[in-house]
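my_file.csv, holding CSV, C-alpha atoms:
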```csv
chain,number,residue,atom,x,y,z
A,20,MET,CA,67.5,53.5,-25.8
A,21,LEU,CA,64.4,54.0,-27.9
A,22,ASN,CA,64.4,51.9,-31.1
A,23,HIS,CA,63.2,55.0,-32.9
A,24,GLN,CA,66.3,56.9,-32.0
A,25,LEU,CA,68.5,54.2,-33.4
A,26,ASP,CA,66.4,54.3,-36.6
A,27,ARG,CA,67.1,58.0,-36.9
A,28,MET,CA,70.8,57.8,-36.1
A,29,TYR,CA,71.6,55.1,-38.7
A,30,ALA,CA,69.3,56.8,-41.2
A,31,ALA,CA,71.3,60.1,-40.6
A,32,LEU,CA,74.6,58.2,-41.1
A,33,ALA,CA,73.3,56.6,-44.3
A,34,ASP,CA,74.2,59.6,-46.5
A,35,GLY,CA,77.7,60.6,-47.7
A,36,SER,CA,77.1,64.3,-47.3
A,37,ARG,CA,75.9,63.9,-43.7
A,38,ARG,CA,78.9,61.7,-42.9
A,39,THR,CA,81.2,64.4,-44.3
A,40,MET,CA,79.5,66.9,-41.9
A,41,VAL,CA,79.9,64.5,-39.0
A,42,ASP,CA,83.6,63.9,-40.0
A,43,ARG,CA,84.2,67.7,-40.0
A,44,LEU,CA,82.5,68.0,-36.6
A,45,SER,CA,84.7,65.2,-35.2
A,46,ARG,CA,87.6,67.7,-35.6
A,47,GLY,CA,85.7,70.4,-33.6
A,48,PRO,CA,82.7,72.7,-33.6
A,49,ALA,CA,81.9,74.4,-36.9
A,50,THR,CA,79.6,77.0,-38.3
A,51,VAL,CA,77.0,76.1,-40.9
A,52,LYS,CA,79.2,77.9,-43.5
A,53,GLN,CA,82.2,75.8,-42.6
A,54,LEU,CA,80.1,72.6,-42.8
A,55,ALA,CA,78.9,73.6,-46.2
A,56,GLU,CA,82.4,74.3,-47.6
A,57,PRO,CA,83.4,70.8,-48.8
A,58,LEU,CA,79.9,70.1,-50.0
A,59,THR,CA,78.7,71.0,-53.5
A,60,MET,CA,75.1,71.9,-52.6
A,61,SER,CA,73.0,74.9,-51.7
A,62,LEU,CA,72.8,76.3,-48.2
A,63,PRO,CA,69.1,75.2,-47.8
A,64,ALA,CA,70.2,71.6,-48.7
A,65,VAL,CA,73.0,71.8,-46.1
A,66,LEU,CA,70.5,73.1,-43.5
A,67,GLN,CA,68.1,70.2,-44.4
A,68,HIS,CA,70.9,67.7,-43.8
A,69,LEU,CA,71.8,69.5,-40.5
A,70,ARG,CA,68.2,69.1,-39.4
A,71,VAL,CA,68.3,65.3,-40.0
A,72,LEU,CA,71.5,65.1,-38.0
A,73,GLU,CA,70.0,67.2,-35.2
A,74,GLU,CA,66.8,65.2,-35.0
A,75,SER,CA,68.9,62.0,-34.8
A,76,GLY,CA,70.7,63.5,-31.7
A,77,LEU,CA,74.1,63.1,-33.3
A,78,VAL,CA,74.6,66.8,-33.7
A,79,ARG,CA,73.4,69.9,-31.8
A,80,SER,CA,73.7,73.5,-32.8
A,81,GLU,CA,73.1,76.9,-31.3
A,82,LYS,CA,72.8,80.3,-32.8
A,83,VAL,CA,74.5,83.3,-31.3
A,84,GLY,CA,73.7,86.5,-33.2
A,85,ARG,CA,73.7,85.5,-36.9
A,86,VAL,CA,76.1,82.5,-36.6
A,87,ARG,CA,74.9,79.0,-36.0
A,88,THR,CA,77.6,76.8,-34.5
A,89,CYS,CA,77.3,73.0,-34.7
A,90,ARG,CA,78.9,70.4,-32.5
A,91,LEU,CA,79.0,66.6,-32.3
A,92,GLU,CA,77.2,64.7,-29.5
A,93,PRO,CA,79.7,62.0,-28.7
A,94,ALA,CA,77.3,60.2,-26.4
A,95,ALA,CA,74.8,59.7,-29.2
A,96,LEU,CA,77.6,58.6,-31.5
A,97,GLN,CA,78.6,56.1,-28.9
A,98,GLN,CA,75.1,54.6,-28.7
A,99,ALA,CA,75.1,54.0,-32.5
A,100,GLU,CA,78.6,52.4,-32.2
A,101,GLN,CA,77.6,50.3,-29.2
A,102,TRP,CA,74.6,48.7,-30.7
A,103,ILE,CA,76.8,47.3,-33.5
A,104,ALA,CA,79.7,46.4,-31.1
A,105,ASP,CA,77.3,44.4,-29.0
A,106,ARG,CA,76.1,42.3,-32.0
A,107,ARG,CA,79.7,41.7,-33.1
A,108,ALA,CA,80.6,40.7,-29.5
A,109,GLY,CA,77.7,38.2,-29.5
A,110,TRP,CA,78.9,36.7,-32.7
A,111,THR,CA,82.5,36.5,-31.4
A,112,ALA,CA,81.4,34.9,-28.1
A,113,ARG,CA,79.5,32.3,-30.1
A,114,LEU,CA,82.6,31.4,-32.1
A,115,ASP,CA,84.6,31.1,-28.9
A,116,ARG,CA,82.1,28.7,-27.4
A,117,LEU,CA,82.1,26.7,-30.6
A,118,GLU,CA,85.9,26.5,-30.6
A,119,ALA,CA,85.9,25.4,-26.9
A,120,PHE,CA,83.3,22.8,-27.7
A,121,LEU,CA,85.3,21.4,-30.6
A,122,GLU,CA,88.5,21.3,-28.5
A,123,GLU,CA,86.7,19.4,-25.8
A,124,ASP,CA,85.3,17.0,-28.3
A,125,GLU,CA,88.8,16.3,-29.6
A,126,GLN,CA,90.1,15.3,-26.2
B,4,MET,CA,85.7,51.3,-48.3
B,5,LEU,CA,83.2,52.6,-50.8
B,6,ASN,CA,81.1,55.4,-49.5
B,7,HIS,CA,78.2,53.7,-51.2
B,8,GLN,CA,78.6,50.5,-49.1
B,9,LEU,CA,78.5,52.6,-45.8
B,10,ASP,CA,75.3,54.2,-47.1
B,11,ARG,CA,73.8,50.7,-47.6
B,12,MET,CA,75.0,49.4,-44.2
B,13,TYR,CA,73.6,52.3,-42.2
B,14,ALA,CA,70.4,52.3,-44.2
B,15,ALA,CA,70.0,48.6,-43.5
B,16,LEU,CA,70.5,49.2,-39.8
B,17,ALA,CA,68.0,52.1,-39.7
B,18,ASP,CA,65.0,49.7,-39.3
B,19,GLY,CA,63.9,48.0,-36.2
B,20,SER,CA,62.9,44.7,-37.9
B,21,ARG,CA,66.2,44.4,-39.7
B,22,ARG,CA,68.0,45.1,-36.4
B,23,THR,CA,66.0,42.3,-34.8
B,24,MET,CA,67.2,40.0,-37.6
B,25,VAL,CA,70.8,41.1,-37.1
B,26,ASP,CA,70.4,40.6,-33.4
B,27,ARG,CA,69.1,37.1,-33.9
B,28,LEU,CA,72.0,36.3,-36.3
B,29,SER,CA,74.6,37.6,-33.7
B,30,ARG,CA,73.6,34.5,-31.7
B,31,GLY,CA,74.3,32.2,-34.6
B,32,PRO,CA,73.1,31.3,-38.2
B,33,ALA,CA,69.4,31.0,-38.7
B,34,THR,CA,66.9,30.0,-41.3
B,35,VAL,CA,64.6,32.5,-42.9
B,36,LYS,CA,61.8,30.9,-40.9
B,37,GLN,CA,63.7,31.4,-37.6
B,38,LEU,CA,64.4,35.0,-38.5
B,39,ALA,CA,60.7,35.6,-39.2
B,40,GLU,CA,59.5,34.1,-35.9
B,41,PRO,CA,59.8,37.3,-33.7
B,42,LEU,CA,58.5,39.5,-36.5
B,43,THR,CA,54.9,40.2,-37.1
B,44,MET,CA,55.0,40.4,-40.9
B,45,SER,CA,54.5,38.2,-44.0
B,46,LEU,CA,57.3,36.0,-45.3
B,47,PRO,CA,57.7,38.1,-48.5
B,48,ALA,CA,58.2,41.2,-46.2
B,49,VAL,CA,60.9,39.3,-44.3
B,50,LEU,CA,62.6,38.3,-47.5
B,51,GLN,CA,62.6,41.9,-48.6
B,52,HIS,CA,64.3,42.9,-45.4
B,53,LEU,CA,66.8,40.1,-45.8
B,54,ARG,CA,67.6,41.3,-49.3
B,55,VAL,CA,68.4,44.8,-48.0
B,56,LEU,CA,70.7,43.2,-45.4
B,57,GLU,CA,72.4,41.1,-48.0
B,58,GLU,CA,72.9,44.0,-50.4
B,59,SER,CA,74.5,45.9,-47.6
B,60,GLY,CA,77.0,43.1,-47.0
B,61,LEU,CA,76.0,42.7,-43.3
B,62,VAL,CA,74.4,39.3,-43.9
B,63,ARG,CA,74.9,36.5,-46.4
B,64,SER,CA,72.7,33.5,-47.0
B,65,GLU,CA,72.9,30.2,-48.8
B,66,LYS,CA,70.2,27.8,-49.9
B,67,VAL,CA,70.7,24.1,-49.4
B,68,GLY,CA,67.7,22.1,-50.7
B,69,ARG,CA,64.7,24.1,-49.7
B,70,VAL,CA,66.2,25.8,-46.6
B,71,ARG,CA,68.0,29.2,-46.8
B,72,THR,CA,70.4,29.7,-43.9
B,73,CYS,CA,71.5,33.2,-43.1
B,74,ARG,CA,74.6,34.3,-41.2
B,75,LEU,CA,76.2,37.6,-40.1
B,76,GLU,CA,79.3,39.0,-41.8
B,77,PRO,CA,81.3,40.3,-38.8
B,78,ALA,CA,83.8,42.1,-41.1
B,79,ALA,CA,81.1,44.3,-42.6
B,80,LEU,CA,79.6,44.9,-39.1
B,81,GLN,CA,83.1,46.0,-38.0
B,82,GLN,CA,83.4,48.5,-40.9
B,83,ALA,CA,80.1,50.1,-39.9
B,84,GLU,CA,81.3,50.2,-36.2
B,85,GLN,CA,84.7,51.5,-37.2
B,86,TRP,CA,83.6,54.5,-39.1
B,87,ILE,CA,81.7,55.8,-36.0
B,88,ALA,CA,84.5,54.8,-33.7
B,89,ASP,CA,87.0,56.8,-35.7
B,90,ARG,CA,84.8,60.0,-35.5
B,91,ARG,CA,84.4,59.5,-31.8
B,92,ALA,CA,88.2,59.1,-31.4
B,93,GLY,CA,88.7,62.3,-33.4
B,94,TRP,CA,86.4,64.2,-31.1
B,95,THR,CA,88.1,62.7,-27.9
B,96,ALA,CA,91.6,63.5,-29.2
B,97,ARG,CA,90.5,67.1,-29.8
B,98,LEU,CA,89.2,67.4,-26.2
B,99,ASP,CA,92.5,65.9,-24.9
B,100,ARG,CA,94.5,68.5,-26.9
B,101,LEU,CA,92.2,71.3,-25.6
B,102,GLU,CA,92.7,70.1,-22.0
B,103,ALA,CA,96.5,69.9,-22.4
B,104,PHE,CA,96.5,73.4,-23.9
B,105,LEU,CA,94.5,74.8,-21.0
B,106,GLU,CA,96.8,73.1,-18.4
B,107,GLU,CA,99.9,74.6,-20.1
B,108,ASP,CA,98.2,78.0,-20.1
B,109,GLU,CA,97.6,77.8,-16.4
B,110,GLN,CA,101.3,77.2,-15.6
```
Serialized structure, structure tokens:
Amino acid sequence: MLNHQLDRMYAALADGSRRTMVDRLSRGPATVKQLAEPLTMSLPAVLQHLRVLEESGLVRSEKVGRVRTCRLEPAALQQAEQWIADRRAGWTARLDRLEAFLEEDEQ
Amino acid sequence: MLNHQLDRMYAALADGSRRTMVDRLSRGPATVKQLAEPLTMSLPAVLQHLRVLEESGLVRSEKVGRVRTCRLEPAALQQAEQWIADRRAGWTARLDRLEAFLEEDEQ
């Protein structure tokens, strides 16, 4: 995956309002109006946040008639999750090796 | 967890140089000099990135004599991972319910 895309995904998640939008979308597709409901901000501000989420790849939307419906892109969410998981796994594997080494040393 | 802390963790991860530092630390503790090695930037710039990582809680460091050693905080990394994992799980659960509903409908 491009480094640049990870930049955008984590930057998109680094905002409480955008995480509220992602959280809402994790329960199913939503219109922009529905996404805006729990947020105390103007519609243009919501659309700006939506744009950041779409550019990161975490969310996509389509407009049918006058209604724009947004949905989560679980594959992108998984990439953001996986990068962190891999680093945690690296750290854990290192601790396991260290433990094995110390046990051998004791014997 | 405080929303603010998630803001800081994702913002810290939204930069390729800082992810390079986290990646290095996932293989074990490192000095600032070791962290700086793969990065083409000045030491003050590296220290600035380290500060962002420390303020996010993902990394901690301690100075013994003249050497500052940095290490990963796996618990913080796990929190950043878990928030995303929970949203993915929500989306997957919704798809499962939808599938079950459609299957029932067919019968």
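Using all atoms listed in the file, the residues found no farther than 7 Å from segment 75-84 of chain A, other than those of its own chain fewer than 2 positions away, are Gln24, Arg27, Met28, Ala31, Val71, Leu72, Glu73, Val86, Arg87, Thr88, Cys89, Arg90, Leu91, Glu92, Ala95 and Leu96 of chain A.
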Hey, could you make a per-residue contact list for chain B against chain A with 7 Å as the cut-off, showing the nearest pair of atoms and its distance in Å to one decimal, counting only C-alpha atoms, sorted by chain and number, as a tab-separated table?
```
residue	atom	partner	partner_atom	distance
B:Asn6	CA	A:Gly35	CA	6.5
B:Leu9	CA	A:Ala33	CA	6.7
B:Asp10	CA	A:Ala33	CA	4.2
B:Arg11	CA	A:Ala33	CA	6.8
B:Tyr13	CA	A:Ala33	CA	4.8
B:Ala14	CA	A:Ala33	CA	5.2
B:Leu16	CA	A:Tyr29	CA	6.1
B:Ala17	CA	A:Asp26	CA	4.1
B:Asp18	CA	A:Asp26	CA	5.5
B:Gly19	CA	A:Asn22	CA	6.4
B:Asp26	CA	A:Arg106	CA	6.1
B:Ser29	CA	A:Trp110	CA	4.5
B:Arg30	CA	A:Trp110	CA	5.8
B:Gly31	CA	A:Trp110	CA	6.7
B:Pro77	CA	A:Arg107	CA	6.1
B:Leu80	CA	A:Ile103	CA	6.7
B:Glu84	CA	A:Glu100	CA	5.3
B:Ile87	CA	A:Glu100	CA	6.0
B:Ala88	CA	A:Glu100	CA	6.5
B:Arg90	CA	A:Ser45	CA	5.2
B:Arg91	CA	A:Pro93	CA	6.2
B:Gly93	CA	A:Ser45	CA	5.3
B:Trp94	CA	A:Ser45	CA	4.5
B:Arg97	CA	A:Arg46	CA	6.5
```
Counting only C-alpha atoms, figure out which residue out of B:Arg21, B:Arg69, B:Arg100, B:Lys36 gets nearest to Leu53 of chain B.
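Selected residue with least distance to Leu53 of chain B: B:Arg21.
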Measure the distance from atom CA of Ser36 of chain A to atom CA of Leu66 of chain A in Å and round it to one decimal.
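For atom CA of Ser36 of chain A relative to atom CA of Leu66 of chain A, the distance reads 11.6 Å.
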Between atom CA of Thr34 of chain B and atom CA of Gln51 of chain B, what is the spacing in Å?
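Between atom CA of Gln51 of chain B and atom CA of Thr34 of chain B the gap is 14.6 Å.
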Starting from the incomplete input, reconstruct N, CA, C and O atoms of segment 33-53 of chain A and report them as a PDB file, keeping the file's coordinate frame.
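Okay, this is what ended up in part-v1.pdb:
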```pdb
ATOM      1  N   ALA A  33      73.412  57.292 -43.063  1.00  0.00           N
ATOM      2  CA  ALA A  33      73.300  56.600 -44.300  1.00  0.00           C
ATOM      3  C   ALA A  33      73.403  57.524 -45.542  1.00  0.00           C
ATOM      4  O   ALA A  33      72.814  57.267 -46.594  1.00  0.00           O
ATOM      5  N   ASP A  34      74.113  58.608 -45.393  1.00  0.00           N
ATOM      6  CA  ASP A  34      74.200  59.600 -46.500  1.00  0.00           C
ATOM      7  C   ASP A  34      75.638  60.188 -46.447  1.00  0.00           C
ATOM      8  O   ASP A  34      76.085  60.683 -45.395  1.00  0.00           O
ATOM      9  N   GLY A  35      76.308  60.140 -47.593  1.00  0.00           N
ATOM     10  CA  GLY A  35      77.700  60.600 -47.700  1.00  0.00           C
ATOM     11  C   GLY A  35      77.899  62.047 -47.277  1.00  0.00           C
ATOM     12  O   GLY A  35      78.885  62.380 -46.609  1.00  0.00           O
ATOM     13  N   SER A  36      76.967  62.919 -47.644  1.00  0.00           N
ATOM     14  CA  SER A  36      77.100  64.300 -47.300  1.00  0.00           C
ATOM     15  C   SER A  36      76.994  64.531 -45.785  1.00  0.00           C
ATOM     16  O   SER A  36      77.743  65.300 -45.180  1.00  0.00           O
ATOM     17  N   ARG A  37      76.056  63.810 -45.180  1.00  0.00           N
ATOM     18  CA  ARG A  37      75.900  63.900 -43.700  1.00  0.00           C
ATOM     19  C   ARG A  37      77.113  63.347 -43.001  1.00  0.00           C
ATOM     20  O   ARG A  37      77.549  63.873 -41.979  1.00  0.00           O
ATOM     21  N   ARG A  38      77.678  62.249 -43.552  1.00  0.00           N
ATOM     22  CA  ARG A  38      78.900  61.700 -42.900  1.00  0.00           C
ATOM     23  C   ARG A  38      80.059  62.691 -43.064  1.00  0.00           C
ATOM     24  O   ARG A  38      80.876  62.813 -42.151  1.00  0.00           O
ATOM     25  N   THR A  39      80.118  63.419 -44.192  1.00  0.00           N
ATOM     26  CA  THR A  39      81.200  64.400 -44.300  1.00  0.00           C
ATOM     27  C   THR A  39      80.997  65.515 -43.266  1.00  0.00           C
ATOM     28  O   THR A  39      81.983  65.990 -42.693  1.00  0.00           O
ATOM     29  N   MET A  40      79.751  65.869 -42.959  1.00  0.00           N
ATOM     30  CA  MET A  40      79.500  66.900 -41.900  1.00  0.00           C
ATOM     31  C   MET A  40      79.912  66.323 -40.541  1.00  0.00           C
ATOM     32  O   MET A  40      80.545  67.035 -39.750  1.00  0.00           O
ATOM     33  N   VAL A  41      79.574  65.068 -40.261  1.00  0.00           N
ATOM     34  CA  VAL A  41      79.900  64.500 -39.000  1.00  0.00           C
ATOM     35  C   VAL A  41      81.468  64.369 -38.879  1.00  0.00           C
ATOM     36  O   VAL A  41      82.061  64.643 -37.827  1.00  0.00           O
ATOM     37  N   ASP A  42      82.105  64.023 -39.991  1.00  0.00           N
ATOM     38  CA  ASP A  42      83.600  63.900 -40.000  1.00  0.00           C
ATOM     39  C   ASP A  42      84.192  65.274 -39.702  1.00  0.00           C
ATOM     40  O   ASP A  42      85.128  65.368 -38.889  1.00  0.00           O
ATOM     41  N   ARG A  43      83.680  66.327 -40.315  1.00  0.00           N
ATOM     42  CA  ARG A  43      84.200  67.700 -40.000  1.00  0.00           C
ATOM     43  C   ARG A  43      84.007  68.012 -38.549  1.00  0.00           C
ATOM     44  O   ARG A  43      84.918  68.539 -37.897  1.00  0.00           O
ATOM     45  N   LEU A  44      82.838  67.685 -38.007  1.00  0.00           N
ATOM     46  CA  LEU A  44      82.500  68.000 -36.600  1.00  0.00           C
ATOM     47  C   LEU A  44      83.378  67.176 -35.636  1.00  0.00           C
ATOM     48  O   LEU A  44      83.559  67.562 -34.480  1.00  0.00           O
ATOM     49  N   SER A  45      83.874  66.029 -36.088  1.00  0.00           N
ATOM     50  CA  SER A  45      84.700  65.200 -35.200  1.00  0.00           C
ATOM     51  C   SER A  45      86.047  65.909 -34.949  1.00  0.00           C
ATOM     52  O   SER A  45      86.772  65.554 -34.025  1.00  0.00           O
ATOM     53  N   ARG A  46      86.370  66.915 -35.773  1.00  0.00           N
ATOM     54  CA  ARG A  46      87.600  67.700 -35.600  1.00  0.00           C
ATOM     55  C   ARG A  46      87.335  68.981 -34.803  1.00  0.00           C
ATOM     56  O   ARG A  46      88.253  69.786 -34.614  1.00  0.00           O
ATOM     57  N   GLY A  47      86.078  69.185 -34.362  1.00  0.00           N
ATOM     58  CA  GLY A  47      85.700  70.400 -33.600  1.00  0.00           C
ATOM     59  C   GLY A  47      84.491  71.048 -34.077  1.00  0.00           C
ATOM     60  O   GLY A  47      84.041  70.765 -35.190  1.00  0.00           O
ATOM     61  N   PRO A  48      83.925  71.944 -33.253  1.00  0.00           N
ATOM     62  CA  PRO A  48      82.700  72.700 -33.600  1.00  0.00           C
ATOM     63  C   PRO A  48      82.911  73.429 -34.945  1.00  0.00           C
ATOM     64  O   PRO A  48      84.035  73.804 -35.272  1.00  0.00           O
ATOM     65  N   ALA A  49      81.829  73.656 -35.659  1.00  0.00           N
ATOM     66  CA  ALA A  49      81.900  74.400 -36.900  1.00  0.00           C
ATOM     67  C   ALA A  49      80.647  75.155 -37.177  1.00  0.00           C
ATOM     68  O   ALA A  49      79.568  74.773 -36.720  1.00  0.00           O
ATOM     69  N   THR A  50      80.786  76.249 -37.906  1.00  0.00           N
ATOM     70  CA  THR A  50      79.600  77.000 -38.300  1.00  0.00           C
ATOM     71  C   THR A  50      78.969  76.270 -39.514  1.00  0.00           C
ATOM     72  O   THR A  50      79.588  75.416 -40.142  1.00  0.00           O
ATOM     73  N   VAL A  51      77.726  76.656 -39.791  1.00  0.00           N
ATOM     74  CA  VAL A  51      77.000  76.100 -40.900  1.00  0.00           C
ATOM     75  C   VAL A  51      77.832  76.321 -42.220  1.00  0.00           C
ATOM     76  O   VAL A  51      77.991  75.444 -43.075  1.00  0.00           O
ATOM     77  N   LYS A  52      78.385  77.509 -42.305  1.00  0.00           N
ATOM     78  CA  LYS A  52      79.200  77.900 -43.500  1.00  0.00           C
ATOM     79  C   LYS A  52      80.385  76.947 -43.636  1.00  0.00           C
ATOM     80  O   LYS A  52      80.698  76.480 -44.736  1.00  0.00           O
ATOM     81  N   GLN A  53      81.052  76.683 -42.533  1.00  0.00           N
ATOM     82  CA  GLN A  53      82.200  75.800 -42.600  1.00  0.00           C
ATOM     83  C   GLN A  53      81.800  74.352 -42.950  1.00  0.00           C
ATOM     84  O   GLN A  53      82.506  73.655 -43.667  1.00  0.00           O
TER      85      GLN A  53
END
```
